[in-house]
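Presented below is the structure to which this report refers.
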Amino acid sequence: MKIQEADAKSLLLAHGLPVPPWELARSPAEVRAAAERFFAAGAARVVVKAQVLVGGRGKAGGVKLAGSADEAEAVGAAILGMEIKGITVRKVLVAEAAEIVREYYLGAILDRASRRIVVMASAEGGVEIEEVARTNPGAIHRLATHPFLGLQPWQARQLAYAVGLGGHVRDFVRIAGGLVATMRDRDADLVEVNPLAVVRGAPGPAGQATDQLVCLDAKITLDDSALSRHPDLEAMRDLDEEDPVDVEARSLGINYIHLDGSIGCMVNGAGLAMTTMDLVKRAGGEPANFLDIGGGAKAERVAAAMRLILADPKVQAILVNIFGGITRGDEVAHGLIEARSRQSREVPMVVRIVGTNAEEAARLLREARFETAASLDEAAATAVAIAAGGAMGGAA
Ligand code: GDP
Ligand code: MN
């Protein structure tokens with residue numbers, strides 16, 4: 001699960017990382033009010049940043065500076081409602097604009113190959129790290145943390161010198177440590193600060209420059225499978241940016257993953273669902289989704305799953321593959337009949353039900369003139385043929 005910059009910043013702040021204060025705003029008037037508070041507190045300029053779950057907001061025009069409340073309101077009006085990579089901006093972050101001296105990159109990822117948290121840093125900050133990886137891979141310095149000891153201060157120091165942050169070693173070590181701690185404590189897959197910036201602070205008592213290292217941007221991806229351990233993080237889910245079908249599937253407790261193909265699959269059990277996808281592929285088709293209706297599904301749940309599948313306009317055929325154990329075949333058949341009577345558009349369906357009450361299911365489906373298949377191979381082949389437009393459609 002991706003979370004917004006503002007939420008990611010709260011998590012970093014909770015681990016003691018230096019993050020400049022911010023406010024969130026949902027309208028130009030709110031942007032103005034927030035900006036006025038920063039100006040009153042002594043800010044020379046404010047920065048207004050689109051809160052969307054995609055990178056490259058700066059390049060897309062979603063990050064802008066303003067020197068007055070009027071300008072902040074105008075910038076807010078321009079950013080709110082704009083589209084960035086297909087996502088409409090509904091909220092912005094407002095903060096005092098930092099005077100950036102230099103931008104660095106600092107990130108931590110869970111590296112599955114080495115099974116460790118890997119920390120990466122680069123002097124090429126401010127641009128997307130994927131781009132640096134492509135154009136100048138040598139500019140990214142990496143280190144693997146110890147599974148028990150975590151990030152050792154000496155390792156972090158090496159990284160600081162490697163990227164040329166020698167003047168801020170102490171702060172860098174603290175920040176990198178906090179980044180890794182955030183990652184472990186919150187079960188994140190990725191924690192990224194880009195830019196980690198050297199910013200000009202207020203002059204010291206003798207008028208000397210007081211540059212500081214601060215986190216100007218934050219990106220965190222949480223491990224979905226670990227969310228049950230963090231009820232507080234669930235509140236950071238941004239429903240504004242989630243596919244409504246995914247939201248509905250989760251609320252129904254149906255395990256659903258949208259894919260790109262044309263054959264909708266309704267299966268019970270994750271293993272059988274994956275097998276079904278493999279068979280669809282082997283028969284030359286592409287699955288439109290992974291969908292596990294779970295054990296003991298009742299008619300209502302089957303009908304709900306059908307709604308989720310049909311919400312995808314690319315679906316040309318539906319393959320239902322049920323292995324009745326706790327799940328009763330006749331319940332599923334009732335659900336399918338019910339779902340078809342209510343379905344928004346006519347999509348051919350091939351059904352294979354075996355196991356508990358399969359005979360009863362077969363009778364119900366025959367009476368309702370459903371297309372059934374005796375074997376899974378046959379079911380997959382028929383569904384693929386229908387989706388390709390080669391076979392008869394709909395009820396046989
Ligand atoms: P991203 O493009 O989505 O990664 O958004 P960022 O938060 O990283 O902002 C993009 C760029 O805007 C940064 O790399 C900075 O160059 C600039 N920027 C962001 N915040 C400030 C700020 O407070 N002051 C100044 N001068 N520039 C900023
Ligand atoms: Mn950034």
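Ordering of the structure tokens sets the chain letters (A, B, ...), residue numbers begin anew at 1 in every chain, and ligands are numbered from 1 in the order given.
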
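Using only C-alpha atoms and all ligand atoms, residues with at least one atom at most 6 Å away from any atom of ligand 1 are Val47, Gly55, Gly56, Arg57, Gly58, Lys59, Val63, Ala97, Ala98, Glu99, Ile100, Gly126, Asn194, Pro195, Leu216 and Asp217 of chain A.
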
Suppose we keep N, CA and C atoms; can you now write the selection as a CSV table (one decimal), in the first residue's frame?
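And here's selection_26.csv as it stands now:
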```csv
chain,number,residue,atom,x,y,z
A,47,VAL,N,5.9,26.5,-0.3
A,47,VAL,CA,5.9,25.5,-1.4
A,47,VAL,C,4.5,24.8,-1.3
A,55,GLY,N,5.2,9.4,-8.5
A,55,GLY,CA,6.4,10.2,-8.4
A,55,GLY,C,6.4,11.2,-9.6
A,56,GLY,N,7.4,12.0,-9.6
A,56,GLY,CA,7.6,13.0,-10.6
A,56,GLY,C,6.6,14.1,-10.6
A,57,ARG,N,6.1,14.5,-9.4
A,57,ARG,CA,5.1,15.5,-9.3
A,57,ARG,C,5.7,16.9,-9.7
A,58,GLY,N,7.0,17.1,-9.3
A,58,GLY,CA,7.7,18.3,-9.7
A,58,GLY,C,7.7,18.5,-11.2
A,59,LYS,N,8.2,17.5,-11.9
A,59,LYS,CA,8.2,17.6,-13.4
A,59,LYS,C,6.9,17.9,-14.0
A,63,VAL,N,4.4,20.8,-8.1
A,63,VAL,CA,5.2,21.3,-7.0
A,63,VAL,C,5.5,22.8,-7.4
A,97,ALA,N,8.9,27.2,2.2
A,97,ALA,CA,9.8,26.7,1.1
A,97,ALA,C,11.3,26.7,1.7
A,98,ALA,N,11.9,25.6,1.5
A,98,ALA,CA,13.3,25.6,2.0
A,98,ALA,C,14.2,26.2,0.9
A,99,GLU,N,15.3,26.8,1.4
A,99,GLU,CA,16.3,27.3,0.4
A,99,GLU,C,17.3,26.2,0.2
A,100,ILE,N,17.2,25.5,-0.9
A,100,ILE,CA,18.0,24.3,-1.2
A,100,ILE,C,19.4,24.6,-1.6
A,126,GLY,N,16.9,14.5,-6.2
A,126,GLY,CA,15.9,15.4,-6.8
A,126,GLY,C,15.3,14.8,-8.1
A,194,ASN,N,13.7,11.8,-1.1
A,194,ASN,CA,14.2,12.4,-2.4
A,194,ASN,C,13.5,13.7,-2.8
A,195,PRO,N,14.1,14.8,-2.5
A,195,PRO,CA,15.4,15.0,-2.0
A,195,PRO,C,15.6,15.0,-0.5
A,216,LEU,N,12.9,16.7,2.5
A,216,LEU,CA,11.9,17.5,1.8
A,216,LEU,C,10.8,16.7,1.1
A,217,ASP,N,11.1,15.5,0.9
A,217,ASP,CA,10.0,14.6,0.3
A,217,ASP,C,10.1,13.3,1.0
```

Open item on the list: Which residues are near ligand 2 - at most 12 Å, using only C-alpha atoms and all ligand atoms? Format: as an MDAnalysis selection string.
Closed with: chainID A and resid 4:5 49:60 62:63 103:107 124:130 191:197 215:220

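Of note, atom CA of Ala77 of chain A and atom CA of Ser27 of chain A are spaced 7.3 Å apart.
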
- [ ] Can you list, as a ChimeraX atom specification, all residues belonging to segment 323-378 of chain A that DSSP tags as helix (DSSP H, G or I)?
- [x] /A:329-342,358-367,376-378

Could the residues in this selection be written to a file with C-alpha atoms, as an mmCIF file, in the first residue's frame?
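Result saved to again_9.cif:
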```cif
data_model
loop_
_atom_site.group_PDB
_atom_site.id
_atom_site.type_symbol
_atom_site.label_atom_id
_atom_site.label_comp_id
_atom_site.auth_asym_id
_atom_site.auth_seq_id
_atom_site.Cartn_x
_atom_site.Cartn_y
_atom_site.Cartn_z
ATOM 1 C CA GLY A 329 -21.640 -26.606 -5.573
ATOM 2 C CA ASP A 330 -25.386 -25.948 -5.501
ATOM 3 C CA GLU A 331 -24.835 -22.727 -3.511
ATOM 4 C CA VAL A 332 -22.414 -21.538 -6.158
ATOM 5 C CA ALA A 333 -24.853 -22.505 -8.923
ATOM 6 C CA HIS A 334 -27.626 -20.523 -7.216
ATOM 7 C CA GLY A 335 -25.258 -17.564 -6.961
ATOM 8 C CA LEU A 336 -24.371 -17.778 -10.642
ATOM 9 C CA ILE A 337 -28.012 -17.976 -11.700
ATOM 10 C CA GLU A 338 -28.838 -15.037 -9.472
ATOM 11 C CA ALA A 339 -25.852 -13.055 -10.732
ATOM 12 C CA ARG A 340 -26.706 -13.678 -14.378
ATOM 13 C CA SER A 341 -30.270 -12.494 -13.894
ATOM 14 C CA ARG A 342 -28.919 -9.206 -12.577
ATOM 15 C CA ALA A 358 -21.762 -31.214 -7.904
ATOM 16 C CA GLU A 359 -24.670 -33.259 -9.319
ATOM 17 C CA GLU A 360 -27.202 -30.836 -7.906
ATOM 18 C CA ALA A 361 -25.142 -27.929 -9.254
ATOM 19 C CA ALA A 362 -25.020 -29.543 -12.699
ATOM 20 C CA ARG A 363 -28.798 -30.006 -12.711
ATOM 21 C CA LEU A 364 -29.437 -26.380 -11.715
ATOM 22 C CA LEU A 365 -27.017 -25.069 -14.296
ATOM 23 C CA ARG A 366 -28.463 -27.302 -17.030
ATOM 24 C CA GLU A 367 -31.964 -26.054 -16.282
ATOM 25 C CA LEU A 376 -10.814 -28.080 -16.325
ATOM 26 C CA ASP A 377 -8.822 -28.259 -19.566
ATOM 27 C CA GLU A 378 -12.041 -28.248 -21.539
#
```

TODO: Provide the atom CA of Glu286 of chain A to atom CA of Arg369 of chain A distance in Å, to one decimal place.
DONE: 25.7 Å

Open item on the list: Just the number, please: distance in Å from atom CA of Ala387 of chain A to atom CA of Pro348 of chain A, one decimal.
Closed with: 8.5 Å

Open item on the list: I'd like to know which residues of segment 25-174 of chain A are strand (DSSP E or B) (by DSSP, run on the backbone); could you write them as a PyMOL selection string?
Closed with: chain A and resi 25+46-50+63-66+83-84+87-88+92-96+100-111+116-122+140-144+146+150

Selection export as a tab-separated table (two decimals), in the first residue's frame, atoms kept: C-alpha atoms:
```tsv
chain	number	residue	atom	x	y	z
A	25	ALA	CA	-5.24	21.89	2.12
A	46	VAL	CA	5.91	28.68	0.67
A	47	VAL	CA	5.88	25.50	-1.37
A	48	VAL	CA	2.60	23.92	-2.53
A	49	LYS	CA	2.78	20.22	-3.42
A	50	ALA	CA	0.23	17.93	-5.01
A	63	VAL	CA	5.16	21.35	-6.96
A	64	LYS	CA	5.27	25.16	-6.99
A	65	LEU	CA	6.66	27.97	-4.88
A	66	ALA	CA	4.75	31.12	-3.91
A	83	GLU	CA	-4.18	15.51	-13.42
A	84	ILE	CA	-0.82	13.90	-12.76
A	87	ILE	CA	-4.73	10.96	-11.10
A	88	THR	CA	-6.74	14.04	-10.13
A	92	VAL	CA	-1.97	19.65	-1.47
A	93	LEU	CA	0.73	19.98	1.14
A	94	VAL	CA	1.73	23.52	2.10
A	95	ALA	CA	5.03	24.26	3.86
A	96	GLU	CA	7.65	26.94	4.25
A	100	ILE	CA	17.98	24.27	-1.17
A	101	VAL	CA	21.77	24.17	-1.38
A	102	ARG	CA	22.03	20.62	-2.68
A	103	GLU	CA	19.77	17.62	-3.23
A	104	TYR	CA	20.66	14.02	-2.37
A	105	TYR	CA	18.81	10.74	-2.57
A	106	LEU	CA	18.41	8.36	0.36
A	107	GLY	CA	16.27	5.25	0.29
A	108	ALA	CA	15.83	1.84	1.86
A	109	ILE	CA	14.28	-1.16	0.16
A	110	LEU	CA	13.65	-4.74	1.11
A	111	ASP	CA	15.99	-6.64	-1.19
A	116	ARG	CA	18.12	-7.76	3.78
A	117	ILE	CA	17.19	-4.15	3.98
A	118	VAL	CA	19.41	-2.36	1.49
A	119	VAL	CA	20.12	1.33	1.93
A	120	MET	CA	20.87	3.40	-1.15
A	121	ALA	CA	22.23	6.91	-1.41
A	122	SER	CA	23.20	9.17	-4.25
A	140	ILE	CA	24.00	5.05	-6.62
A	141	HIS	CA	25.80	3.68	-3.58
A	142	ARG	CA	24.33	0.68	-1.77
A	143	LEU	CA	24.87	-1.17	1.44
A	144	ALA	CA	23.10	-4.17	2.96
A	146	HIS	CA	22.66	-6.79	9.04
A	150	GLY	CA	20.50	-3.29	11.56
```

Open item on the list: as a VMD selection string, please: the residues near Leu279 of chain A (cut-off 12 Å, only C-alpha atoms, same-chain neighbours under 6 positions excluded).
Closed with: chain A and resid 263 265 272 to 273 285 to 287 319 321 375 to 384

Could you take the residues named above and write them with N, CA and C atoms, as a tab-separated table (two decimals), in the first residue's frame?
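Ended up saving to result_2.tsv:
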```tsv
chain	number	residue	atom	x	y	z
A	263	ILE	N	-10.28	-12.84	-19.95
A	263	ILE	CA	-11.04	-13.95	-19.37
A	263	ILE	C	-11.14	-13.79	-17.85
A	265	CYS	N	-11.94	-14.82	-14.18
A	265	CYS	CA	-11.87	-16.11	-13.49
A	265	CYS	C	-12.50	-16.01	-12.11
A	272	LEU	N	-5.90	-22.98	-6.43
A	272	LEU	CA	-6.69	-23.35	-7.60
A	272	LEU	C	-6.83	-22.14	-8.53
A	273	ALA	N	-6.92	-20.95	-7.95
A	273	ALA	CA	-7.04	-19.74	-8.77
A	273	ALA	C	-5.79	-19.55	-9.63
A	285	GLY	N	-5.06	-18.04	-23.79
A	285	GLY	CA	-5.79	-16.84	-23.36
A	285	GLY	C	-5.04	-16.06	-22.31
A	286	GLU	N	-5.65	-14.93	-21.93
A	286	GLU	CA	-5.06	-14.10	-20.88
A	286	GLU	C	-6.10	-13.86	-19.79
A	287	PRO	N	-5.79	-14.20	-18.54
A	287	PRO	CA	-6.75	-13.96	-17.46
A	287	PRO	C	-6.94	-12.46	-17.20
A	319	LEU	N	-14.76	-17.71	-16.70
A	319	LEU	CA	-14.51	-19.10	-16.39
A	319	LEU	C	-14.69	-19.29	-14.88
A	321	ASN	N	-14.51	-21.90	-11.87
A	321	ASN	CA	-13.90	-23.17	-11.52
A	321	ASN	C	-13.97	-23.38	-10.02
A	375	SER	N	-14.24	-31.15	-17.72
A	375	SER	CA	-12.87	-31.08	-17.21
A	375	SER	C	-12.39	-29.64	-17.21
A	376	LEU	N	-11.36	-29.42	-16.43
A	376	LEU	CA	-10.81	-28.08	-16.33
A	376	LEU	C	-10.16	-27.65	-17.64
A	377	ASP	N	-9.45	-28.58	-18.28
A	377	ASP	CA	-8.82	-28.26	-19.57
A	377	ASP	C	-9.87	-27.81	-20.58
A	378	GLU	N	-10.97	-28.57	-20.59
A	378	GLU	CA	-12.04	-28.25	-21.54
A	378	GLU	C	-12.64	-26.88	-21.21
A	379	ALA	N	-12.85	-26.63	-19.93
A	379	ALA	CA	-13.42	-25.34	-19.51
A	379	ALA	C	-12.53	-24.19	-19.96
A	380	ALA	N	-11.22	-24.33	-19.73
A	380	ALA	CA	-10.29	-23.27	-20.11
A	380	ALA	C	-10.29	-23.07	-21.62
A	381	ALA	N	-10.26	-24.18	-22.36
A	381	ALA	CA	-10.23	-24.09	-23.82
A	381	ALA	C	-11.49	-23.40	-24.35
A	382	THR	N	-12.65	-23.77	-23.78
A	382	THR	CA	-13.90	-23.17	-24.24
A	382	THR	C	-13.92	-21.67	-23.94
A	383	ALA	N	-13.51	-21.30	-22.73
A	383	ALA	CA	-13.51	-19.88	-22.36
A	383	ALA	C	-12.60	-19.09	-23.28
A	384	VAL	N	-11.44	-19.64	-23.58
A	384	VAL	CA	-10.49	-18.95	-24.46
A	384	VAL	C	-11.08	-18.81	-25.86
```

Open item on the list: Please list as a list in words every residue within 7 Å of segment 70-76 of chain A, counting only C-alpha atoms and excluding residues in the same chain fewer than 2 positions away.
Closed with: Pro28, Ala29, Val31, Arg32, Ala35, Val48, Lys64, Ala66, Gly67, Ser68, Ala78, Ile79 and Leu80 of chain A

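Comparing A:Gly355, A:Gly296, A:Pro18, A:Pro231 by their smallest distance to Arg174 of chain A, the closest is A:Pro18 (using only C-alpha atoms).
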
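Take the candidates A:Gly201, A:Ala123, A:Ser114, A:Asn268 and check each one against Ala162 of chain A using only C-alpha atoms; the shortest distance goes to A:Ala123.
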
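Residues lying within 9 Å of Gly178 of chain A, counting only C-alpha atoms and ignoring same-chain neighbours fewer than 2 positions away, are Leu12, His15, Gly16, Leu17, Val173, Arg174, Ile175, Ala176, Val180, Ala181, Thr182 and Met183 of chain A.
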